[in-house]
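Structure data (mmCIF, C-alpha atoms) from entry.cif:
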```
data_structure
#
loop_
_atom_site.label_atom_id
_atom_site.label_comp_id
_atom_site.auth_asym_id
_atom_site.auth_seq_id
_atom_site.Cartn_x
_atom_site.Cartn_y
_atom_site.Cartn_z
CA MET N 1 9.62 35.31 12.80
CA ASN N 2 5.99 36.33 13.20
CA SER N 3 3.27 35.02 10.98
CA LYS N 4 3.33 38.02 8.62
CA GLU N 5 7.04 37.54 8.05
CA LEU N 6 6.61 33.85 7.59
CA ILE N 7 3.91 34.42 4.99
CA ALA N 8 6.10 36.92 3.15
CA SER N 9 9.12 34.62 3.20
CA GLY N 10 7.77 32.21 0.59
CA GLU N 11 8.43 29.27 2.87
CA LEU N 12 4.76 28.29 3.06
CA GLU N 13 4.71 27.87 -0.70
CA LEU N 14 7.58 25.42 -0.38
CA TYR N 15 5.79 23.70 2.47
CA ILE N 16 2.90 22.90 0.13
CA ALA N 17 5.36 21.65 -2.47
CA GLY N 18 6.86 19.35 0.14
CA LEU N 19 10.31 20.77 -0.46
CA LEU N 20 11.36 21.71 3.03
CA PRO N 21 13.71 19.67 5.19
CA GLU N 22 11.85 17.30 7.47
CA GLU N 23 12.62 19.20 10.63
CA ARG N 24 11.51 22.57 9.30
CA ASN N 25 8.45 20.93 7.82
CA ALA N 26 7.43 19.63 11.23
CA GLU N 27 8.04 23.04 12.83
CA LEU N 28 5.85 24.72 10.25
CA ALA N 29 3.13 22.10 10.58
CA GLN N 30 3.05 22.89 14.28
CA LEU N 31 3.00 26.67 13.77
CA ILE N 32 0.28 26.43 11.14
CA SER N 33 -1.91 24.24 13.28
CA GLU N 34 -1.80 26.89 16.01
CA ASN N 35 -2.38 29.96 13.89
CA ASP N 36 -5.51 30.68 11.87
CA GLU N 37 -3.87 33.28 9.68
CA LEU N 38 -1.18 30.82 8.62
CA LYS N 39 -3.77 28.12 8.15
CA ARG N 40 -5.77 30.34 5.80
CA GLU N 41 -2.69 31.28 3.85
CA VAL N 42 -1.58 27.68 3.46
CA LYS N 43 -5.02 26.70 2.23
CA MET N 44 -4.99 29.49 -0.33
CA ILE N 45 -1.64 28.40 -1.69
CA GLU N 46 -2.83 24.83 -1.81
CA GLN N 47 -5.92 25.92 -3.71
CA VAL N 48 -3.84 27.62 -6.37
CA VAL N 49 -1.73 24.54 -6.88
CA MET N 50 -4.83 22.37 -6.92
CA GLN N 51 -6.41 24.58 -9.56
CA LEU N 52 -3.33 24.37 -11.73
CA ALA N 53 -3.36 20.60 -11.42
CA LYS N 54 -7.08 20.36 -12.09
CA LYS N 55 -6.83 22.36 -15.28
CA SER N 56 -4.07 20.07 -16.50
CA THR N 57 -6.46 17.29 -17.29
CA THR N 58 -9.43 17.21 -19.60
CA SER N 59 -11.25 14.38 -17.93
CA ASP N 60 -13.49 14.26 -14.92
CA GLN N 61 -12.34 11.71 -12.47
CA HIS N 62 -15.39 9.64 -11.62
CA ASP N 63 -13.76 6.28 -11.40
CA PHE N 64 -13.83 5.54 -7.72
CA ASN N 65 -15.24 2.11 -8.50
CA TYR N 66 -12.18 1.29 -10.55
CA VAL N 67 -10.03 2.16 -7.57
CA LEU N 68 -12.06 -0.17 -5.37
CA LYS N 69 -11.91 -2.87 -7.96
CA LYS N 70 -8.14 -2.58 -8.11
CA ILE N 71 -7.85 -2.73 -4.35
CA ILE N 72 -9.91 -5.88 -4.15
CA THR N 73 -8.30 -7.61 -7.10
CA LYS N 74 -4.91 -6.86 -5.65
CA ARG N 75 -5.93 -8.24 -2.29
CA ILE N 76 -7.17 -11.44 -3.77
CA THR N 77 -4.17 -12.06 -5.94
CA THR N 78 -1.55 -11.12 -3.40
CA SER N 79 -2.97 -12.37 -0.16
CA THR N 80 -2.05 -16.00 -0.81
CA GLU N 81 1.49 -14.98 -1.52
CA LYS N 82 1.59 -12.80 1.54
CA ILE N 83 0.34 -15.65 3.68
CA LYS N 84 3.08 -17.88 2.36
CA TYR N 85 5.65 -15.20 2.78
CA SER N 86 4.77 -14.45 6.35
CA LYS N 87 5.02 -18.11 7.16
CA GLN N 88 8.34 -18.50 5.47
CA LYS N 89 9.70 -15.47 7.18
CA ASP N 90 8.71 -16.98 10.46
CA LYS N 91 10.70 -20.06 9.67
CA LYS N 92 13.90 -18.77 8.22
CA VAL N 93 15.91 -18.17 11.36
CA ARG N 94 15.43 -20.88 13.85
CA PRO N 95 18.41 -21.75 16.00
CA LEU N 96 17.85 -25.09 17.67
CA TRP N 97 18.85 -23.98 21.17
CA HIS N 98 16.06 -21.64 22.53
CA ARG N 99 13.41 -23.67 20.84
CA SER N 100 10.76 -22.80 23.33
CA PHE N 101 11.50 -19.10 23.13
CA ILE N 102 11.43 -19.17 19.36
CA GLY N 103 8.23 -21.13 19.65
CA TRP N 104 6.57 -18.32 21.52
CA ALA N 105 7.96 -15.76 19.15
CA ALA N 106 6.50 -17.75 16.30
CA ALA N 107 3.18 -17.90 18.09
CA ALA N 108 3.32 -14.11 18.34
CA VAL N 109 4.08 -13.86 14.65
CA PHE N 110 1.14 -16.08 13.95
CA LEU N 111 -1.09 -14.00 16.14
CA THR N 112 -0.04 -10.90 14.23
CA PHE N 113 -0.68 -12.80 11.05
CA PHE N 114 -4.11 -13.80 12.28
CA LEU N 115 -4.95 -10.20 13.14
CA TYR N 116 -3.73 -9.14 9.74
CA GLN N 117 -5.83 -11.78 8.08
CA TYR N 118 -8.83 -10.78 10.16
CA GLN N 119 -8.37 -7.13 9.33
CA GLN N 120 -8.04 -8.02 5.69
CA THR N 121 -11.31 -9.90 5.76
CA THR N 122 -13.09 -7.05 7.47
CA GLU N 123 -11.63 -4.66 4.99
CA ILE N 124 -12.87 -6.63 2.04
CA LYS N 125 -16.30 -6.88 3.61
CA THR N 126 -16.41 -3.13 4.12
CA ILE N 127 -15.47 -2.47 0.56
CA LEU N 128 -18.13 -4.86 -0.61
CA SER N 129 -20.83 -3.08 1.28
CA SER N 130 -20.30 0.04 -0.78
CA ASN N 131 -22.18 0.26 -3.98
CA MET N 132 -20.17 -1.27 -6.78
CA ALA N 133 -21.03 -2.30 -10.26
CA GLN N 134 -18.68 -5.26 -10.12
CA LYS N 135 -20.04 -6.36 -6.82
CA GLU N 136 -21.53 -9.70 -7.74
CA ARG N 137 -18.68 -11.06 -9.76
CA LEU N 138 -16.14 -10.05 -7.16
CA GLU N 139 -18.23 -11.33 -4.33
CA GLN N 140 -17.79 -14.87 -5.52
CA GLN N 141 -14.05 -14.52 -5.60
CA ILE N 142 -14.04 -13.01 -2.19
CA GLU N 143 -16.24 -15.69 -0.72
CA THR N 144 -13.42 -18.19 -1.12
CA GLN N 145 -10.97 -15.79 0.44
CA ILE N 146 -13.16 -15.18 3.47
CA LYS N 147 -13.81 -18.89 3.99
CA ASN N 148 -10.10 -19.46 3.95
CA ALA N 149 -9.55 -16.64 6.35
CA SER N 150 -12.07 -17.81 8.93
CA LEU N 151 -10.64 -21.33 8.86
CA LYS N 152 -7.22 -19.91 9.50
CA GLU N 153 -8.62 -17.61 12.12
CA ASP N 154 -9.84 -20.60 14.09
CA LEU N 155 -6.58 -22.44 13.68
CA LEU N 156 -4.51 -19.48 14.62
CA LYS N 157 -6.52 -18.81 17.73
CA THR N 158 -5.34 -22.18 18.92
CA VAL N 159 -1.81 -21.40 17.91
CA ALA N 160 -1.83 -18.22 19.91
CA SER N 161 -3.09 -19.94 23.03
CA ILE N 162 -0.78 -19.97 25.99
CA ASN N 163 -1.09 -23.74 26.28
CA THR N 164 0.37 -24.28 22.85
CA ARG N 165 3.88 -25.59 22.26
CA LYS N 166 5.67 -25.37 18.98
CA ILE N 167 7.58 -28.39 17.73
CA ASP N 168 9.80 -28.15 14.69
CA LEU N 169 9.97 -31.16 12.46
CA ALA N 170 13.20 -31.18 10.48
CA GLY N 171 13.64 -32.48 6.94
CA GLN N 172 14.87 -36.06 6.69
CA PRO N 173 17.34 -37.48 4.10
CA ILE N 174 14.58 -38.04 1.55
CA ALA N 175 13.64 -34.32 1.64
CA PRO N 176 16.22 -32.34 3.59
CA GLN N 177 14.68 -29.00 2.56
CA SER N 178 11.35 -29.80 4.14
CA LYS N 179 10.29 -28.22 7.39
CA VAL N 180 7.06 -28.50 9.29
CA SER N 181 5.88 -26.77 12.42
CA VAL N 182 3.49 -28.49 14.76
CA PHE N 183 1.58 -26.40 17.28
CA TRP N 184 0.41 -28.62 20.06
CA ASN N 185 -2.28 -27.32 22.38
CA ILE N 186 -1.87 -29.65 25.33
CA GLU N 187 -4.98 -28.43 27.08
CA LYS N 188 -7.28 -28.99 24.12
CA ASN N 189 -5.45 -32.07 22.85
CA LYS N 190 -5.23 -30.50 19.46
CA ILE N 191 -2.39 -30.00 17.04
CA ILE N 192 -2.10 -27.65 14.14
CA VAL N 193 0.32 -28.52 11.41
CA ASP N 194 1.86 -25.85 9.28
CA ALA N 195 3.12 -27.90 6.37
CA SER N 196 3.77 -25.16 3.86
CA GLN N 197 7.33 -26.30 3.33
CA LEU N 198 6.73 -29.83 2.15
CA PRO N 199 7.06 -30.75 -1.52
CA GLU N 200 3.80 -31.38 -3.37
CA PRO N 201 3.02 -35.10 -3.02
CA PRO N 202 2.86 -37.20 -6.19
CA GLU N 203 -0.57 -38.21 -7.41
CA ASP N 204 -2.15 -41.09 -5.52
CA MET N 205 0.06 -40.38 -2.53
CA VAL N 206 -0.77 -38.55 0.66
CA TYR N 207 1.10 -37.25 3.67
CA GLN N 208 0.27 -38.91 6.95
CA ILE N 209 1.18 -37.52 10.34
CA TRP N 210 2.21 -39.73 13.23
CA SER N 211 2.55 -39.30 16.94
CA LEU N 212 5.54 -41.30 18.15
CA LYS N 213 6.59 -42.86 21.43
CA LEU N 214 10.29 -43.51 21.21
CA ASP N 215 11.15 -46.36 23.53
CA PRO N 216 9.97 -48.64 22.14
CA LEU N 217 9.09 -46.93 18.90
CA THR N 218 5.30 -46.83 18.77
CA PRO N 219 3.66 -44.80 16.02
CA THR N 220 0.05 -43.70 16.20
CA SER N 221 -1.57 -42.22 13.15
CA LEU N 222 -3.09 -38.78 13.74
CA GLY N 223 -4.49 -38.41 10.25
CA LEU N 224 -3.86 -37.48 6.65
CA LEU N 225 -2.87 -34.14 5.17
CA ASP N 226 -5.72 -34.44 2.69
CA ASN N 227 -5.75 -32.35 -0.47
CA TYR N 228 -2.35 -30.97 0.33
CA ASN N 229 -1.24 -28.21 -2.02
CA SER N 230 0.51 -24.87 -1.89
CA LYS N 231 -2.68 -23.13 -0.81
CA ASN N 232 -3.97 -25.80 1.51
CA ASN N 233 -1.20 -26.57 3.93
CA LEU N 234 -2.53 -25.81 7.39
CA PHE N 235 -4.14 -28.79 9.10
CA SER N 236 -5.73 -29.47 12.43
CA PHE N 237 -5.80 -32.85 14.23
CA LYS N 238 -6.82 -34.26 17.56
CA ASN N 239 -3.95 -35.61 19.61
CA THR N 240 -4.65 -37.24 22.94
CA ASN N 241 -1.32 -39.06 22.95
CA ASN N 242 1.55 -38.32 25.20
CA SER N 243 3.67 -37.75 22.11
CA GLU N 244 7.45 -37.79 22.29
CA ALA N 245 7.89 -36.97 18.64
CA PHE N 246 5.93 -36.21 15.51
CA GLY N 247 6.73 -37.42 12.04
CA ILE N 248 5.22 -37.15 8.58
CA THR N 249 5.50 -39.89 5.98
CA LEU N 250 4.32 -40.19 2.42
CA GLU N 251 1.81 -43.00 2.07
CA PRO N 252 -0.41 -44.41 -0.65
CA SER N 253 -3.67 -42.57 -1.00
CA GLY N 254 -5.95 -43.39 1.93
CA GLY N 255 -3.05 -43.72 4.34
CA SER N 256 -1.37 -46.70 5.99
CA ALA N 257 -1.75 -48.56 9.25
CA SER N 258 1.90 -48.08 10.08
CA PRO N 259 4.40 -45.58 8.73
CA THR N 260 6.63 -46.34 5.74
CA LEU N 261 9.88 -45.24 7.30
CA GLU N 262 11.77 -44.99 3.98
CA GLN N 263 9.28 -42.26 3.12
CA LEU N 264 9.78 -40.27 6.32
CA TYR N 265 9.84 -36.61 5.26
CA VAL N 266 10.09 -34.75 8.55
CA LEU N 267 10.64 -35.67 12.17
CA GLY N 268 10.92 -33.72 15.39
CA SER N 269 11.07 -34.52 19.04
CA THR N 270 8.75 -32.85 21.55
CA THR N 271 11.20 -33.09 24.41
CA SER N 272 13.97 -30.75 23.36
CA MET Z 1 -9.56 19.84 12.97
CA ASP Z 2 -11.09 20.63 9.63
CA LYS Z 3 -13.14 18.38 7.41
CA THR Z 4 -10.15 16.94 5.59
CA ASP Z 5 -8.43 16.01 8.86
CA ILE Z 6 -11.51 14.15 9.98
CA LEU Z 7 -11.83 12.31 6.68
CA VAL Z 8 -8.16 11.41 6.74
CA ALA Z 9 -8.48 10.05 10.27
CA GLN Z 10 -11.43 7.95 9.09
CA LEU Z 11 -9.46 6.82 6.07
CA LYS Z 12 -6.76 5.55 8.39
CA ASP Z 13 -9.47 3.46 10.05
CA LYS Z 14 -10.29 2.01 6.63
CA ASP Z 15 -13.56 3.87 6.25
CA VAL Z 16 -14.58 3.44 2.62
CA ASN Z 17 -16.99 6.37 2.64
CA ALA Z 18 -14.32 8.73 3.86
CA PHE Z 19 -12.01 7.33 1.22
CA GLU Z 20 -14.62 7.99 -1.44
CA GLN Z 21 -15.05 11.57 -0.29
CA LEU Z 22 -11.32 12.18 -0.30
CA HIS Z 23 -11.13 10.66 -3.74
CA HIS Z 24 -13.86 13.01 -4.84
CA MET Z 25 -12.01 15.97 -3.35
CA TYR Z 26 -8.59 15.24 -4.80
CA ALA Z 27 -8.71 12.74 -7.65
CA VAL Z 28 -9.06 15.23 -10.46
CA ASN Z 29 -6.16 17.32 -9.16
CA ILE Z 30 -3.98 14.28 -8.74
CA LEU Z 31 -4.93 13.15 -12.22
CA GLY Z 32 -3.91 16.54 -13.58
CA ALA Z 33 -0.62 16.50 -11.70
CA ILE Z 34 0.16 13.09 -13.19
CA ASN Z 35 -0.85 14.23 -16.65
CA ILE Z 36 1.61 17.10 -16.44
CA ILE Z 37 4.37 14.51 -16.33
CA ILE Z 38 2.86 11.76 -18.47
CA GLN Z 39 0.97 13.88 -21.03
CA ASP Z 40 -1.34 11.04 -21.86
CA GLU Z 41 -4.76 11.17 -20.27
CA ALA Z 42 -5.49 7.45 -20.47
CA ILE Z 43 -2.21 6.40 -18.87
CA ALA Z 44 -2.48 9.21 -16.34
CA LYS Z 45 -5.89 7.84 -15.32
CA GLU Z 46 -4.46 4.39 -14.71
CA ILE Z 47 -1.63 5.79 -12.63
CA CYS Z 48 -4.05 7.97 -10.70
CA GLN Z 49 -6.14 4.94 -9.80
CA ASP Z 50 -3.00 3.15 -8.67
CA VAL Z 51 -2.03 6.13 -6.54
CA PHE Z 52 -5.38 5.97 -4.77
CA VAL Z 53 -4.98 2.25 -4.24
CA LYS Z 54 -1.73 3.14 -2.51
CA VAL Z 55 -3.47 5.88 -0.53
CA TRP Z 56 -5.89 3.27 0.81
CA GLU Z 57 -3.11 0.86 1.65
CA LYS Z 58 -0.58 3.31 3.01
CA ALA Z 59 -2.84 5.83 4.72
CA TYR Z 60 -1.39 4.80 8.06
CA LEU Z 61 1.95 6.26 6.96
CA TYR Z 62 0.55 9.75 6.54
CA ASP Z 63 1.25 11.99 9.49
CA THR Z 64 -0.56 15.32 9.88
CA LYS Z 65 2.46 16.60 11.73
CA LYS Z 66 4.55 16.28 8.62
CA GLY Z 67 2.52 18.30 6.18
CA ARG Z 68 -0.72 18.69 4.29
CA PHE Z 69 -2.61 15.68 3.02
CA PHE Z 70 -2.59 17.19 -0.45
CA THR Z 71 1.19 17.53 -0.32
CA TRP Z 72 1.42 13.86 0.62
CA LEU Z 73 -0.83 12.92 -2.29
CA LEU Z 74 0.99 15.16 -4.71
CA ASN Z 75 4.30 13.66 -3.72
CA MET Z 76 2.99 10.15 -4.20
CA ALA Z 77 1.53 11.09 -7.59
CA ARG Z 78 4.76 12.68 -8.79
CA ASN Z 79 6.77 9.65 -7.76
CA ALA Z 80 4.36 7.25 -9.44
CA ALA Z 81 4.35 9.29 -12.64
CA ILE Z 82 8.12 9.67 -12.69
CA ASP Z 83 8.51 5.93 -12.10
CA TYR Z 84 6.30 5.35 -15.08
CA THR Z 85 8.37 7.64 -17.29
CA ARG Z 86 11.29 5.33 -16.58
CA SER Z 87 9.39 2.29 -17.80
CA LYS Z 88 10.09 0.66 -21.13
CA ALA Z 89 6.55 1.16 -22.33
CA PHE Z 90 6.82 4.87 -21.82
CA ILE Z 91 10.28 5.32 -23.28
CA THR Z 92 9.28 3.61 -26.53
CA GLN Z 93 6.18 5.71 -27.12
CA LYS Z 94 7.14 9.12 -25.84
CA LYS Z 95 7.78 10.62 -29.28
CA ASN Z 96 5.14 13.27 -28.84
CA HIS Z 97 6.14 14.04 -25.32
CA SER Z 98 7.34 17.57 -24.84
CA LEU Z 99 9.57 17.91 -21.86
CA ASP Z 100 7.65 20.57 -20.01
CA PHE Z 101 3.90 20.51 -20.15
CA PHE Z 102 3.26 23.98 -18.75
CA VAL Z 103 5.97 25.58 -20.81
CA HIS Z 104 4.63 23.88 -23.92
CA ILE Z 105 1.10 25.08 -23.24
CA TYR Z 106 2.44 28.50 -22.40
CA GLU Z 107 4.41 28.79 -25.58
CA ASN Z 108 1.32 27.97 -27.60
CA ARG Z 109 -0.81 30.33 -25.56
CA ASN Z 110 -1.75 32.46 -28.52
CA SER Z 111 -2.25 29.70 -31.05
CA THR Z 112 -5.58 28.02 -31.58
CA GLU Z 113 -3.99 24.68 -32.38
CA THR Z 114 -6.59 22.00 -31.83
CA SER Z 115 -4.41 19.71 -29.77
CA ASP Z 116 -4.18 22.29 -27.03
CA GLN Z 117 -7.81 23.34 -27.18
CA ASP Z 118 -8.69 21.07 -24.33
CA TYR Z 119 -6.41 22.85 -21.93
CA SER Z 120 -7.84 26.25 -22.70
CA ASP Z 121 -8.52 26.98 -19.02
CA LEU Z 122 -4.95 26.25 -18.15
CA LYS Z 123 -3.79 28.33 -21.06
CA ARG Z 124 -5.81 31.29 -19.84
CA MET Z 125 -4.37 30.86 -16.39
CA LEU Z 126 -0.75 30.54 -17.46
CA LYS Z 127 -1.08 33.44 -19.86
CA ARG Z 128 -1.10 35.74 -16.87
CA LEU Z 129 2.41 34.74 -15.96
CA LYS Z 130 5.88 35.38 -17.23
CA LYS Z 131 7.67 32.42 -18.71
CA LYS Z 132 10.10 32.25 -15.80
CA CYS Z 133 7.14 31.78 -13.46
CA VAL Z 134 5.64 29.03 -15.57
CA GLU Z 135 8.91 27.17 -15.61
CA LEU Z 136 9.49 27.50 -11.91
CA ILE Z 137 6.01 26.52 -10.82
CA GLU Z 138 6.11 23.43 -12.99
CA MET Z 139 9.43 22.38 -11.49
CA ILE Z 140 8.57 23.11 -7.90
CA TYR Z 141 5.10 21.60 -7.71
CA PHE Z 142 4.88 19.08 -10.46
CA LYS Z 143 8.32 17.82 -11.33
CA ASN Z 144 10.05 16.81 -8.11
CA TYR Z 145 12.78 19.43 -8.45
CA THR Z 146 14.46 20.43 -5.23
CA GLN Z 147 15.10 24.13 -4.63
CA VAL Z 148 18.74 23.59 -5.48
CA ALA Z 149 17.97 21.73 -8.70
CA ALA Z 150 15.48 24.38 -9.78
CA ALA Z 151 17.99 27.15 -9.06
CA GLU Z 152 20.60 25.34 -11.11
CA ARG Z 153 18.37 24.68 -14.07
CA LEU Z 154 17.15 28.27 -14.17
CA SER Z 155 20.61 29.66 -13.33
CA ILE Z 156 19.29 31.79 -10.50
CA PRO Z 157 20.53 32.12 -6.91
CA LEU Z 158 19.03 29.65 -4.48
CA GLY Z 159 17.40 32.39 -2.43
CA THR Z 160 15.58 33.67 -5.49
CA VAL Z 161 13.68 30.40 -5.90
CA LYS Z 162 11.68 30.98 -2.76
CA SER Z 163 10.82 34.61 -3.42
CA ARG Z 164 10.16 34.18 -7.11
CA ASN Z 165 7.95 31.21 -6.49
CA ARG Z 166 5.94 33.20 -3.98
CA ASN Z 167 5.51 36.14 -6.34
CA CYS Z 168 4.48 33.89 -9.21
CA LEU Z 169 1.85 32.12 -7.15
CA LYS Z 170 0.59 35.46 -5.90
CA GLU Z 171 -0.23 36.50 -9.43
CA LEU Z 172 -2.22 33.34 -9.90
CA ARG Z 173 -4.03 33.97 -6.67
CA GLU Z 174 -5.10 37.34 -7.94
CA TYR Z 175 -6.36 35.75 -11.09
CA LEU Z 176 -8.18 32.98 -9.28
CA LYS Z 177 -9.66 35.24 -6.62
CA ASP Z 178 -13.13 34.90 -8.03
CA GLU Z 179 -12.88 31.17 -8.44
CA LEU Z 180 -11.55 30.32 -5.00
#
```
Render the structure in this file as structure tokens.
Amino acid sequence: MNSKELIASGELELYIAGLLPEERNAELAQLISENDELKREVKMIEQVVMQLAKKSTTSDQHDFNYVLKKIITKRITTSTEKIKYSKQKDKKVRPLWHRSFIGWAAAAVFLTFFLYQYQQTTEIKTILSSNMAQKERLEQQIETQIKNASLKEDLLKTVASINTRKIDLAGQPIAPQSKVSVFWNIEKNKIIVDASQLPEPPEDMVYQIWSLKLDPLTPTSLGLLDNYNSKNNLFSFKNTNNSEAFGITLEPSGGSASPTLEQLYVLGSTTS
Amino acid sequence: MDKTDILVAQLKDKDVNAFEQLHHMYAVNILGAINIIIQDEAIAKEICQDVFVKVWEKAYLYDTKKGRFFTWLLNMARNAAIDYTRSKAFITQKKNHSLDFFVHIYENRNSTETSDQDYSDLKRMLKRLKKKCVELIEMIYFKNYTQVAAAERLSIPLGTVKSRNRNCLKELREYLKDEL
């Protein structure tokens, strides 16, 4: 079929409507891109349809700022959920054999997540730089989001490092549903604790994380999961110990000198 | 590569200025396309904004090799509008909703009824056509009908859809020659 025949066939009109089968659509897209006559024809058809559509509204559409506002509002309200979701997804399937492999996979997931977060931040910044009436009010909201993001960025950089091991802490009888992941960067003596799957602690109580030597059992406090809540559940600690296990207990506000073992929420060995 | 292709490529890179230009180029058409289905300017505006939010978020899914950017937008707009027509809110308040916007306008083409005054341009445009053209164009471009479904509804052979549609659009092209 030459281009004249193709034009006369009425197929280009259906192409603009998006009604052709995928394969034919791709063929035509290719043909059109290579042929100026077809390109002109397609544009003309498109113009007619666009004119029909345009005349089917009485309003002028000058509400680009509303679109931006919606994009930003949506970002702010959904990003926390997305963060939680991506973490949960990472945790769902975790067979105990292949721990180290899964650990690396998780690190990769976190890296992706970090890139996503970073891109999101950049995106919001870009949007902000355009001239918007709502700029100031939104800026405040976004400030918090960006702060959050850069904190996580730092944490996740560590997570992604090749010297980082992932240790899963499993829920103990007091809270069998709980799960915590500890990312231990052996080179930098730093651990990052993803504690998103712990229950909210009661008032006046705080989670405390311990490095454990097993024989004999010697706990060393690494610190408190201060201000733990559903949005604040990533923590970073220094760990210079030669830890054999990590555990998290619930302690009275301010923490304890030694762990209250009846309140042991999660525990995981580093040697599996 | 024409201007639109460049803007779309920039949009994929999350360039807000390109996005704004594309919005400027297409928003009013997309709004109109939505209004054809919704027949309520205020709701159509909301949906149109939501469509462009989606455009920003899903731009990476658009592939030049699969069709025109406008076709992609139009498809998204139709789906969003049709989704809305299935919502409770819409079903409860659609009393004044005539099934086919174009056909309704067309049938009142000679009246000076105030409610249709606003679409006088459209009226003038559709007036040029036969009713069977008006029906077909509305189905094909603005109502998500497949060729088969359109042929069935109009009780015409499948092959006729393509040729009739072309002839109908041709008449509009003639009419719009000065405007385009």
So how many Å separate CA of Tyr175 in chain Z and CA of Val48 in chain N, to one decimal?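 Those two atoms sit 9.7 Å apart.
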For CA of Leu250 in chain N and CA of Val206 in chain N, quote the distance in Å rounded to one decimal.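 We find that CA of Leu250 in chain N and CA of Val206 in chain N lie 5.6 Å from each other.
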When the PyMOL selection byres ((chain Z and resi 167) around 12) is applied to the file above, which residues end up in the set, as an NGL selection string? (:N and (7-11 or 13 or 45)) or (:Z and (129-130 or 132-134 or 136-137 or 160-166 or 168-174))
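Proximity of Z:Thr92, Z:Thr85, Z:Thr146, Z:Ser155 to chain N, computed with all atoms listed in the file, is greatest for Z:Thr146.
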Going by the chain IDs and residue numbers used in this file, which residues fall under the PyMOL selection byres ((chain Z) within 6 of (chain N))? Write them as a PDB file with C-alpha atoms, in the coordinates of the input.
```pdb
ATOM      1  CA  VAL Z  28      -9.060  15.230 -10.460  1.00  0.00           C
ATOM      2  CA  ASN Z  29      -6.160  17.320  -9.160  1.00  0.00           C
ATOM      3  CA  GLY Z  32      -3.910  16.540 -13.580  1.00  0.00           C
ATOM      4  CA  ALA Z  33      -0.620  16.500 -11.700  1.00  0.00           C
ATOM      5  CA  GLN Z  49      -6.140   4.940  -9.800  1.00  0.00           C
ATOM      6  CA  VAL Z  53      -4.980   2.250  -4.240  1.00  0.00           C
ATOM      7  CA  LYS Z  65       2.460  16.600  11.730  1.00  0.00           C
ATOM      8  CA  LYS Z  66       4.550  16.280   8.620  1.00  0.00           C
ATOM      9  CA  GLY Z  67       2.520  18.300   6.180  1.00  0.00           C
ATOM     10  CA  THR Z  71       1.190  17.530  -0.320  1.00  0.00           C
ATOM     11  CA  LEU Z 122      -4.950  26.250 -18.150  1.00  0.00           C
ATOM     12  CA  TYR Z 141       5.100  21.600  -7.710  1.00  0.00           C
ATOM     13  CA  LYS Z 162      11.680  30.980  -2.760  1.00  0.00           C
ATOM     14  CA  SER Z 163      10.820  34.610  -3.420  1.00  0.00           C
ATOM     15  CA  ARG Z 166       5.940  33.200  -3.980  1.00  0.00           C
TER      16      ARG Z 166
END
```
As a check of understanding: the span from CA of Lys45 in chain Z to CA of Arg78 in chain Z is 13.4 Å
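For the file shown, the residue list from the PyMOL selection byres ((chain N and resi 174) around 8) reads Gly171, Gln172, Pro173, Ala175, Pro176, Glu262, Gln263, Leu264 and Tyr265 of chain N.
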Calculate, to one decimal in Å, the centre and edge lengths of the box along x, y and z of the file that holds all listed atoms of range 13-23 of chain Z with 6 Å of margin on each side, and present them as AutoDock Vina command-line options.
```
--center_x -13.2 --center_y 7.1 --center_z 3.2 --size_x 19.5 --size_y 22.2 --size_z 25.8
```
Pick from Z:Ile91, Z:Leu74, Z:Ile140, Z:Ile6, whichever lies nearest to Ile30 in chain Z using all atoms listed in the file: Z:Leu74
Please provide the set of residues having any atom within 12 Å of Phe237 in chain N, restricted to all atoms listed in the file, with same-chain residues fewer than 3 positions apart removed, written as a PDB file with C-alpha atoms, in the frame of the given file.
```
ATOM      1  CA  LEU N 155      -6.580 -22.440  13.680  1.00  0.00           C
ATOM      2  CA  THR N 158      -5.340 -22.180  18.920  1.00  0.00           C
ATOM      3  CA  VAL N 182       3.490 -28.490  14.760  1.00  0.00           C
ATOM      4  CA  PHE N 183       1.580 -26.400  17.280  1.00  0.00           C
ATOM      5  CA  TRP N 184       0.410 -28.620  20.060  1.00  0.00           C
ATOM      6  CA  ASN N 185      -2.280 -27.320  22.380  1.00  0.00           C
ATOM      7  CA  LYS N 188      -7.280 -28.990  24.120  1.00  0.00           C
ATOM      8  CA  ASN N 189      -5.450 -32.070  22.850  1.00  0.00           C
ATOM      9  CA  LYS N 190      -5.230 -30.500  19.460  1.00  0.00           C
ATOM     10  CA  ILE N 191      -2.390 -30.000  17.040  1.00  0.00           C
ATOM     11  CA  ILE N 192      -2.100 -27.650  14.140  1.00  0.00           C
ATOM     12  CA  VAL N 193       0.320 -28.520  11.410  1.00  0.00           C
ATOM     13  CA  ASP N 194       1.860 -25.850   9.280  1.00  0.00           C
ATOM     14  CA  GLN N 208       0.270 -38.910   6.950  1.00  0.00           C
ATOM     15  CA  ILE N 209       1.180 -37.520  10.340  1.00  0.00           C
ATOM     16  CA  TRP N 210       2.210 -39.730  13.230  1.00  0.00           C
ATOM     17  CA  SER N 211       2.550 -39.300  16.940  1.00  0.00           C
ATOM     18  CA  SER N 221      -1.570 -42.220  13.150  1.00  0.00           C
ATOM     19  CA  LEU N 222      -3.090 -38.780  13.740  1.00  0.00           C
ATOM     20  CA  GLY N 223      -4.490 -38.410  10.250  1.00  0.00           C
ATOM     21  CA  LEU N 224      -3.860 -37.480   6.650  1.00  0.00           C
ATOM     22  CA  LEU N 225      -2.870 -34.140   5.170  1.00  0.00           C
ATOM     23  CA  ASP N 226      -5.720 -34.440   2.690  1.00  0.00           C
ATOM     24  CA  LEU N 234      -2.530 -25.810   7.390  1.00  0.00           C
ATOM     25  CA  THR N 240      -4.650 -37.240  22.940  1.00  0.00           C
ATOM     26  CA  ASN N 241      -1.320 -39.060  22.950  1.00  0.00           C
TER      27      ASN N 241
END
```
